[in-house]
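protein_1.txt, holding compact mmCIF, C-alpha atoms and all ligand atoms:
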```
# COMPACT_ATOMS: atom_id res chain seq x y z
CA MET A 1 -4.00 -21.27 -8.32
CA MET A 2 -4.23 -19.40 -5.04
CA LEU A 3 -5.87 -21.66 -2.49
CA PHE A 4 -6.09 -19.11 0.32
CA GLU A 5 -6.86 -15.82 -1.28
CA ASP A 6 -7.08 -12.84 1.09
CA PRO A 7 -10.68 -11.78 1.68
CA PRO A 8 -11.49 -8.27 0.50
CA GLN A 9 -10.90 -5.64 3.15
CA ASN A 10 -12.08 -2.09 3.48
CA LEU A 11 -9.76 0.62 4.75
CA ALA A 12 -10.67 4.07 6.04
CA LEU A 13 -7.97 6.37 4.62
CA ALA A 14 -9.26 9.53 6.32
CA PRO A 15 -12.63 10.98 7.30
CA GLY A 16 -14.57 10.97 4.01
CA ALA A 17 -12.16 8.61 2.22
CA MET A 18 -12.57 4.85 2.04
CA LEU A 19 -10.93 2.03 0.13
CA LEU A 20 -13.48 -0.67 -0.73
CA GLY A 21 -11.34 -3.75 -1.27
CA ARG A 22 -12.08 -5.45 -4.63
CA PHE A 23 -15.59 -3.97 -4.69
CA ALA A 24 -15.58 -3.99 -8.53
CA GLU A 25 -14.06 -7.44 -8.99
CA THR A 26 -17.24 -9.29 -9.92
CA ALA A 27 -18.04 -6.64 -12.56
CA ASP A 28 -14.53 -6.62 -14.04
CA ARG A 29 -15.21 -8.27 -17.40
CA ALA A 30 -18.33 -6.21 -18.03
CA LEU A 31 -16.46 -3.01 -17.11
CA LEU A 32 -13.56 -3.85 -19.43
CA ALA A 33 -15.93 -4.72 -22.31
CA ALA A 34 -17.71 -1.39 -21.87
CA LEU A 35 -14.37 0.37 -21.63
CA ALA A 36 -13.33 -1.13 -24.99
CA ARG A 37 -16.45 0.33 -26.59
CA VAL A 38 -15.72 3.77 -25.15
CA VAL A 39 -12.12 3.64 -26.36
CA ALA A 40 -13.24 2.60 -29.86
CA ALA A 41 -15.25 5.84 -30.11
CA SER A 42 -12.88 8.20 -28.25
CA PRO A 43 -9.35 6.80 -28.33
CA ILE A 44 -6.92 6.98 -25.42
CA ARG A 45 -4.40 9.78 -25.98
CA ARG A 46 -1.62 11.52 -24.07
CA MET A 47 -2.73 15.07 -23.40
CA ASN A 48 -0.54 18.16 -23.44
CA THR A 49 -0.04 20.12 -20.24
CA PRO A 50 -0.25 23.90 -19.81
CA ASN A 51 3.51 24.10 -19.16
CA GLY A 52 4.41 22.58 -22.52
CA GLY A 53 4.87 18.98 -21.42
CA GLN A 54 2.89 15.84 -22.10
CA MET A 55 1.21 13.57 -19.57
CA SER A 56 2.61 10.04 -19.29
CA VAL A 57 -0.88 8.72 -18.47
CA GLY A 58 -3.08 7.96 -21.48
CA MET A 59 -6.59 9.35 -21.09
CA THR A 60 -10.08 9.39 -22.50
CA ASN A 61 -13.54 10.07 -21.07
CA CYS A 62 -17.17 9.08 -21.20
CA GLY A 63 -20.30 10.81 -19.96
CA ALA A 64 -21.77 14.26 -20.51
CA ALA A 65 -18.41 15.92 -19.91
CA GLY A 66 -14.78 14.91 -20.12
CA TRP A 67 -11.65 16.18 -18.39
CA VAL A 68 -9.28 17.81 -20.86
CA SER A 69 -5.77 19.23 -20.54
CA ASP A 70 -4.07 21.31 -23.23
CA ARG A 71 -1.77 24.31 -23.56
CA THR A 72 -4.54 26.60 -22.28
CA GLY A 73 -5.18 24.72 -19.03
CA TYR A 74 -7.44 22.07 -17.50
CA ARG A 75 -11.21 21.99 -17.94
CA TYR A 76 -14.25 19.83 -18.46
CA ASP A 77 -15.56 19.85 -22.03
CA ARG A 78 -18.70 18.32 -23.53
CA LEU A 79 -16.80 17.57 -26.74
CA ASP A 80 -13.79 15.35 -27.34
CA PRO A 81 -11.24 17.70 -28.94
CA GLU A 82 -9.77 14.77 -30.93
CA THR A 83 -13.03 13.72 -32.60
CA GLY A 84 -14.97 16.98 -32.39
CA ARG A 85 -17.93 14.93 -31.14
CA PRO A 86 -19.50 14.49 -27.70
CA TRP A 87 -17.72 11.97 -25.49
CA PRO A 88 -19.24 8.46 -25.59
CA ALA A 89 -22.21 8.01 -23.29
CA MET A 90 -21.53 6.68 -19.80
CA PRO A 91 -22.14 2.90 -19.96
CA PRO A 92 -25.00 1.98 -17.57
CA GLY A 93 -22.74 -0.55 -15.84
CA PHE A 94 -20.20 2.21 -15.09
CA ALA A 95 -22.75 4.55 -13.52
CA ASP A 96 -24.37 1.73 -11.57
CA LEU A 97 -21.08 0.60 -10.06
CA ALA A 98 -20.14 4.18 -9.12
CA THR A 99 -23.48 4.76 -7.39
CA ARG A 100 -23.28 1.47 -5.48
CA ALA A 101 -19.72 2.15 -4.33
CA ALA A 102 -20.53 5.69 -3.23
CA THR A 103 -23.49 4.39 -1.26
CA ALA A 104 -21.32 1.73 0.41
CA ALA A 105 -18.92 4.49 1.48
CA GLY A 106 -21.65 6.71 2.90
CA PHE A 107 -22.39 8.96 -0.09
CA ALA A 108 -25.88 7.86 -1.12
CA GLY A 109 -27.42 9.50 -4.19
CA PHE A 110 -24.20 9.99 -6.18
CA VAL A 111 -24.97 10.15 -9.90
CA PRO A 112 -21.80 10.78 -11.94
CA ASP A 113 -21.91 12.85 -15.14
CA ALA A 114 -18.26 12.34 -16.08
CA CYS A 115 -15.84 9.42 -16.07
CA LEU A 116 -12.15 10.00 -16.70
CA ILE A 117 -10.35 6.88 -17.91
CA ASN A 118 -6.62 6.68 -17.19
CA ARG A 119 -4.32 4.10 -18.77
CA TYR A 120 -0.94 3.29 -17.22
CA THR A 121 1.85 1.10 -18.57
CA ALA A 122 5.27 0.42 -17.01
CA GLN A 123 6.84 3.65 -15.64
CA THR A 124 3.70 5.71 -16.16
CA ARG A 125 3.03 7.96 -13.19
CA LEU A 126 0.64 10.65 -12.05
CA SER A 127 2.23 13.40 -10.01
CA LEU A 128 0.71 14.79 -6.82
CA HIS A 129 -2.42 16.83 -7.54
CA GLN A 130 -5.84 17.89 -6.28
CA ASP A 131 -9.02 17.38 -8.29
CA HIS A 132 -10.65 20.80 -8.28
CA ASN A 133 -12.03 21.35 -11.81
CA GLU A 134 -15.42 19.86 -10.93
CA ARG A 135 -18.25 22.30 -10.33
CA ASP A 136 -19.91 20.24 -7.60
CA LEU A 137 -17.26 19.74 -4.95
CA ALA A 138 -19.92 18.47 -2.53
CA ALA A 139 -20.09 15.26 -4.56
CA PRO A 140 -17.48 12.56 -3.94
CA ILE A 141 -15.17 10.99 -6.52
CA VAL A 142 -15.32 7.24 -7.09
CA SER A 143 -12.11 5.66 -8.39
CA VAL A 144 -11.95 2.11 -9.79
CA SER A 145 -8.69 0.22 -10.36
CA LEU A 146 -8.49 -2.51 -13.03
CA GLY A 147 -5.52 -4.58 -14.15
CA LEU A 148 -2.00 -4.21 -12.80
CA PRO A 149 -1.52 -3.04 -9.21
CA ALA A 150 -0.35 0.48 -8.43
CA VAL A 151 0.95 2.43 -5.48
CA PHE A 152 -1.45 5.22 -4.60
CA VAL A 153 0.12 8.25 -2.94
CA TRP A 154 -2.26 9.72 -0.41
CA GLY A 155 -1.25 13.10 1.00
CA GLY A 156 -3.17 15.74 2.89
CA PRO A 157 -4.88 19.07 2.26
CA ARG A 158 -1.53 20.77 1.53
CA ARG A 159 0.98 19.76 -1.12
CA ALA A 160 3.74 19.56 1.48
CA ASP A 161 1.83 17.14 3.74
CA ARG A 162 3.74 13.90 4.14
CA PRO A 163 1.93 11.24 2.08
CA ARG A 164 1.25 7.62 2.89
CA ARG A 165 1.37 4.95 0.23
CA VAL A 166 -1.39 2.41 -0.35
CA ARG A 167 -1.35 -0.48 -2.79
CA LEU A 168 -4.36 -0.65 -5.12
CA VAL A 169 -5.16 -3.94 -6.84
CA HIS A 170 -7.56 -5.07 -9.53
CA GLY A 171 -11.13 -4.34 -8.49
CA ASP A 172 -10.32 -1.94 -5.66
CA VAL A 173 -12.55 1.11 -5.41
CA VAL A 174 -11.60 4.29 -3.56
CA VAL A 175 -14.36 6.73 -2.67
CA TRP A 176 -13.58 10.14 -1.33
CA GLY A 177 -15.50 13.27 -0.61
CA GLY A 178 -16.55 15.57 2.18
CA PRO A 179 -13.57 16.64 4.31
CA ALA A 180 -11.20 14.53 2.13
CA ARG A 181 -12.33 15.91 -1.23
CA MET A 182 -9.30 18.21 -1.71
CA THR A 183 -6.64 15.72 -0.61
CA PHE A 184 -3.41 15.77 -2.66
CA HIS A 185 -2.81 12.41 -4.31
CA GLY A 186 -0.94 10.67 -7.12
CA ILE A 187 0.30 7.34 -8.50
CA ASP A 188 3.92 6.14 -8.28
CA PRO A 189 5.58 4.92 -11.50
CA LEU A 190 3.84 1.68 -12.47
CA ARG A 191 5.80 -1.53 -12.18
CA GLU A 192 5.98 -3.80 -15.19
CA GLY A 193 3.65 -6.76 -15.08
CA ASP A 194 1.17 -8.97 -16.88
CA HIS A 195 -2.44 -9.08 -15.72
CA ALA A 196 -4.78 -11.88 -16.80
CA LEU A 197 -7.44 -9.45 -18.07
CA THR A 198 -5.51 -6.33 -19.11
CA GLY A 199 -1.99 -7.57 -19.96
CA PRO A 200 0.68 -4.91 -19.29
CA VAL A 201 -1.79 -2.20 -18.32
CA ARG A 202 -3.56 -0.61 -15.35
CA TYR A 203 -6.80 1.25 -15.97
CA ASN A 204 -8.33 3.67 -13.53
CA LEU A 205 -11.86 4.98 -13.88
CA THR A 206 -12.69 8.10 -11.88
CA PHE A 207 -16.32 9.09 -11.67
CA ARG A 208 -17.20 12.68 -10.90
CA ARG A 209 -19.99 15.17 -10.84
CA ALA A 210 -18.36 17.78 -13.08
CA LEU A 211 -21.09 19.93 -14.61
C1 LIG B 301 -5.40 6.78 -10.44
N1 LIG B 301 -6.53 8.65 -9.55
O1 LIG B 301 -5.79 6.08 -9.50
C2 LIG B 301 -5.48 8.26 -10.35
N2 LIG B 301 -8.35 11.47 -8.35
O2 LIG B 301 -4.92 6.31 -11.45
C3 LIG B 301 -6.81 9.94 -9.26
O3 LIG B 301 -6.13 10.87 -9.65
C4 LIG B 301 -7.95 10.21 -8.42
O4 LIG B 301 -8.18 7.96 -7.75
C5 LIG B 301 -9.39 11.78 -7.58
C6 LIG B 301 -10.07 10.85 -6.87
C7 LIG B 301 -9.67 9.55 -6.93
C8 LIG B 301 -8.59 9.21 -7.71
FE FE B 302 -6.97 12.78 -9.11
```

Encoded form using structure tokens:
Amino acid sequence: MMLFEDPPQNLALAPGAMLLGRFAETADRALLAALARVVAASPIRRMNTPNGGQMSVGMTNCGAAGWVSDRTGYRYDRLDPETGRPWPAMPPGFADLATRAATAAGFAGFVPDACLINRYTAQTRLSLHQDHNERDLAAPIVSVSLGLPAVFVWGGPRRADRPRRVRLVHGDVVVWGGPARMTFHGIDPLREGDHALTGPVRYNLTFRRAL
């Protein structure tokens, strides 16, 4: 048992971007239970990329729209291509957490319509990218980390900008929007581990306003 646990700390990454330390920790079991129900309806899968590869991150979605990658490109789609049905509804506890975190970071009134769920296991990585498929780029993105820690790569507005690296732990929430909305970012290859609630896995939930 850890007798002197570090208190949660917030960190301003850039204007418009804030790490809310362990903001989601008290909701963790409820979030993971809701996540299991989403995954039962729309399973996690590794999507194909336009260049003929396959993503190492496993993904699914909930909400009115889901982020999809295939040979034709990236898009938001109201239907899960694997099931042919709409994505599972956004669990109320997901939307509520996203709205509260956005408000805490200065983006009051954020109501997400899409949640992309990423699953990482050892060695899984997400290469440097911008999130630009959402229609409403005025809205922020709220990103929730659950399970194993990860190293978040935080760049700048151009791909070549030298990135900094920030450790994200279970319960951390990153909110970014405004002048930071188009920041290049990624996740370094995940280190092996065993988390009390998720075992060998890190989940990331990213809430967006996509439609
Ligand atoms: C991840 N996150 O943390 C990947 N994108 O696993 C993202 O790609 C991301 O955290 C946009 C906004 C916040 C994010
Ligand atoms: Fe992203």

Check every protein, DNA and RNA residue against ligand LIG 301 (chain B), keep those with an atom at most 9 Å away (counting all atoms listed in the file), and present them as an MDAnalysis selection string. chainID A and resid 57 117:120 125:131 140:145 150:152 168 173:177 181:187 202:208

List every protein, DNA or RNA residue that has at least one atom no more than 7 Å from (-20.0, 18.2, -18.0) in the file's coordinates, counting only C-alpha atoms, and write the result as JSON, numbers by chain. {"A": [64, 65, 66, 76, 77, 78, 113, 114, 210, 211]}

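Excluding Pro50 (chain A) itself and any same-chain residue fewer than 6 positions from it, the protein and nucleic acid residues within 6 Å of it, counting all atoms listed in the file, are Asp70, Arg71, Thr72 and Gly73 of chain A.
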
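In this structure, CA of Thr60 (chain A) sits 8.6 Å away from CA of Trp87 (chain A).
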
Per-axis box centre and lengths in Å around region 7-15 of chain A, 6 Å margin per side, axis-aligned, as JSON:
```
{"center_x": -10.3, "center_y": -0.4, "center_z": 3.9, "size_x": 16.7, "size_y": 34.8, "size_z": 18.8}
```

Which of these residues is nearest to Gly58 (chain A), using only C-alpha atoms: A:Ala108, A:Thr121, A:Pro163, A:Thr99? A:Thr121

Compare A:Cys62, A:Ala27, A:Leu148, A:Leu35 by their minimum atom-to-atom distance to Arg85 (chain A), counting all atoms listed in the file, and give me the closest one. A:Cys62

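With CA of Gly147 (chain A) on one side and CA of Gly21 (chain A) on the other, the separation reads 14.2 Å.
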
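Across the structure, CA of Arg37 (chain A) and CA of Val111 (chain A) are spaced 21.2 Å apart.
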
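Checking A:Val68, A:Gly106, A:His195, A:Arg165 one by one against Ala17 (chain A), counting all atoms listed in the file, you find the shortest gap at A:Gly106.
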
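You can rank A:Arg167, A:Ser42, A:Ala138, A:Gly63 by their closest distance to Pro112 (chain A) using only C-alpha atoms, and at the top of that list sits A:Gly63.
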
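Distance annotation: of A:Gly178, A:Asn133, A:Arg191, A:Asp28, the residue with the minimal separation from ligand FE 302 (chain B) is A:Asn133; atom set is all atoms listed in the file.
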
Residue nearest Glu134 (chain A) among A:Cys115, A:Leu79, A:Ala196, A:Ile44 (counting only C-alpha atoms): A:Cys115

Residues at most 12 Å from Thr26 (chain A), counting all atoms listed in the file, excluding those fewer than 2 positions away in the same chain, as a VMD selection string? chain A and resid 8 21 to 24 28 to 32 93 97 146 170 to 172

As a PDB file, in the coordinates of the input, please: region 32-43 of chain A completed to all heavy atoms.
```
ATOM      1  N   LEU A  32     -14.599  -3.921 -18.399  1.00  0.00           N
ATOM      2  CA  LEU A  32     -13.560  -3.850 -19.430  1.00  0.00           C
ATOM      3  C   LEU A  32     -14.166  -3.920 -20.841  1.00  0.00           C
ATOM      4  O   LEU A  32     -13.665  -3.284 -21.773  1.00  0.00           O
ATOM      5  CB  LEU A  32     -12.530  -4.963 -19.227  1.00  0.00           C
ATOM      6  CG  LEU A  32     -11.613  -4.721 -18.012  1.00  0.00           C
ATOM      7  CD1 LEU A  32     -10.847  -5.990 -17.638  1.00  0.00           C
ATOM      8  CD2 LEU A  32     -10.628  -3.580 -18.294  1.00  0.00           C
ATOM      9  N   ALA A  33     -15.261  -4.672 -21.003  1.00  0.00           N
ATOM     10  CA  ALA A  33     -15.930  -4.720 -22.310  1.00  0.00           C
ATOM     11  C   ALA A  33     -16.526  -3.355 -22.643  1.00  0.00           C
ATOM     12  O   ALA A  33     -16.414  -2.859 -23.776  1.00  0.00           O
ATOM     13  CB  ALA A  33     -17.013  -5.798 -22.308  1.00  0.00           C
ATOM     14  N   ALA A  34     -17.140  -2.722 -21.653  1.00  0.00           N
ATOM     15  CA  ALA A  34     -17.710  -1.390 -21.870  1.00  0.00           C
ATOM     16  C   ALA A  34     -16.611  -0.372 -22.135  1.00  0.00           C
ATOM     17  O   ALA A  34     -16.748   0.516 -22.985  1.00  0.00           O
ATOM     18  CB  ALA A  34     -18.561  -0.982 -20.669  1.00  0.00           C
ATOM     19  N   LEU A  35     -15.511  -0.526 -21.425  1.00  0.00           N
ATOM     20  CA  LEU A  35     -14.370   0.370 -21.630  1.00  0.00           C
ATOM     21  C   LEU A  35     -13.850   0.271 -23.075  1.00  0.00           C
ATOM     22  O   LEU A  35     -13.542   1.283 -23.710  1.00  0.00           O
ATOM     23  CB  LEU A  35     -13.268   0.020 -20.638  1.00  0.00           C
ATOM     24  CG  LEU A  35     -12.055   0.923 -20.518  1.00  0.00           C
ATOM     25  CD1 LEU A  35     -11.467   0.826 -19.121  1.00  0.00           C
ATOM     26  CD2 LEU A  35     -10.980   0.568 -21.519  1.00  0.00           C
ATOM     27  N   ALA A  36     -13.804  -0.945 -23.605  1.00  0.00           N
ATOM     28  CA  ALA A  36     -13.330  -1.130 -24.990  1.00  0.00           C
ATOM     29  C   ALA A  36     -14.233  -0.398 -25.971  1.00  0.00           C
ATOM     30  O   ALA A  36     -13.759   0.168 -26.966  1.00  0.00           O
ATOM     31  CB  ALA A  36     -13.235  -2.614 -25.310  1.00  0.00           C
ATOM     32  N   ARG A  37     -15.521  -0.383 -25.693  1.00  0.00           N
ATOM     33  CA  ARG A  37     -16.450   0.330 -26.590  1.00  0.00           C
ATOM     34  C   ARG A  37     -16.249   1.841 -26.502  1.00  0.00           C
ATOM     35  O   ARG A  37     -16.313   2.546 -27.502  1.00  0.00           O
ATOM     36  CB  ARG A  37     -17.898  -0.064 -26.271  1.00  0.00           C
ATOM     37  CG  ARG A  37     -18.227  -1.511 -26.630  1.00  0.00           C
ATOM     38  CD  ARG A  37     -19.726  -1.799 -26.553  1.00  0.00           C
ATOM     39  NE  ARG A  37     -20.228  -1.884 -25.191  1.00  0.00           N
ATOM     40  CZ  ARG A  37     -20.239  -2.994 -24.455  1.00  0.00           C
ATOM     41  NH1 ARG A  37     -19.757  -4.136 -24.949  1.00  0.00           N
ATOM     42  NH2 ARG A  37     -20.726  -2.980 -23.224  1.00  0.00           N
ATOM     43  N   VAL A  38     -15.996   2.325 -25.301  1.00  0.00           N
ATOM     44  CA  VAL A  38     -15.720   3.770 -25.150  1.00  0.00           C
ATOM     45  C   VAL A  38     -14.461   4.147 -25.925  1.00  0.00           C
ATOM     46  O   VAL A  38     -14.436   5.126 -26.682  1.00  0.00           O
ATOM     47  CB  VAL A  38     -15.558   4.132 -23.647  1.00  0.00           C
ATOM     48  CG1 VAL A  38     -15.001   5.541 -23.490  1.00  0.00           C
ATOM     49  CG2 VAL A  38     -16.887   3.996 -22.912  1.00  0.00           C
ATOM     50  N   VAL A  39     -13.419   3.332 -25.748  1.00  0.00           N
ATOM     51  CA  VAL A  39     -12.120   3.640 -26.360  1.00  0.00           C
ATOM     52  C   VAL A  39     -12.194   3.564 -27.890  1.00  0.00           C
ATOM     53  O   VAL A  39     -11.496   4.293 -28.600  1.00  0.00           O
ATOM     54  CB  VAL A  39     -11.044   2.704 -25.786  1.00  0.00           C
ATOM     55  CG1 VAL A  39      -9.755   2.797 -26.576  1.00  0.00           C
ATOM     56  CG2 VAL A  39     -10.801   3.017 -24.313  1.00  0.00           C
ATOM     57  N   ALA A  40     -13.077   2.698 -28.410  1.00  0.00           N
ATOM     58  CA  ALA A  40     -13.240   2.600 -29.860  1.00  0.00           C
ATOM     59  C   ALA A  40     -13.813   3.907 -30.426  1.00  0.00           C
ATOM     60  O   ALA A  40     -13.521   4.293 -31.561  1.00  0.00           O
ATOM     61  CB  ALA A  40     -14.142   1.426 -30.218  1.00  0.00           C
ATOM     62  N   ALA A  41     -14.623   4.595 -29.635  1.00  0.00           N
ATOM     63  CA  ALA A  41     -15.250   5.840 -30.110  1.00  0.00           C
ATOM     64  C   ALA A  41     -14.395   7.065 -29.802  1.00  0.00           C
ATOM     65  O   ALA A  41     -14.333   8.002 -30.602  1.00  0.00           O
ATOM     66  CB  ALA A  41     -16.630   5.992 -29.456  1.00  0.00           C
ATOM     67  N   SER A  42     -13.768   7.089 -28.646  1.00  0.00           N
ATOM     68  CA  SER A  42     -12.880   8.200 -28.250  1.00  0.00           C
ATOM     69  C   SER A  42     -11.573   7.594 -27.766  1.00  0.00           C
ATOM     70  O   SER A  42     -11.453   7.172 -26.610  1.00  0.00           O
ATOM     71  CB  SER A  42     -13.523   9.048 -27.135  1.00  0.00           C
ATOM     72  OG  SER A  42     -14.311  10.087 -27.668  1.00  0.00           O
ATOM     73  N   PRO A  43     -10.575   7.525 -28.645  1.00  0.00           N
ATOM     74  CA  PRO A  43      -9.350   6.800 -28.330  1.00  0.00           C
ATOM     75  C   PRO A  43      -8.592   7.403 -27.139  1.00  0.00           C
ATOM     76  O   PRO A  43      -8.696   8.591 -26.852  1.00  0.00           O
ATOM     77  CB  PRO A  43      -8.504   6.937 -29.599  1.00  0.00           C
ATOM     78  CG  PRO A  43      -9.439   7.346 -30.673  1.00  0.00           C
ATOM     79  CD  PRO A  43     -10.573   8.057 -30.018  1.00  0.00           C
TER      80      PRO A  43
END
```
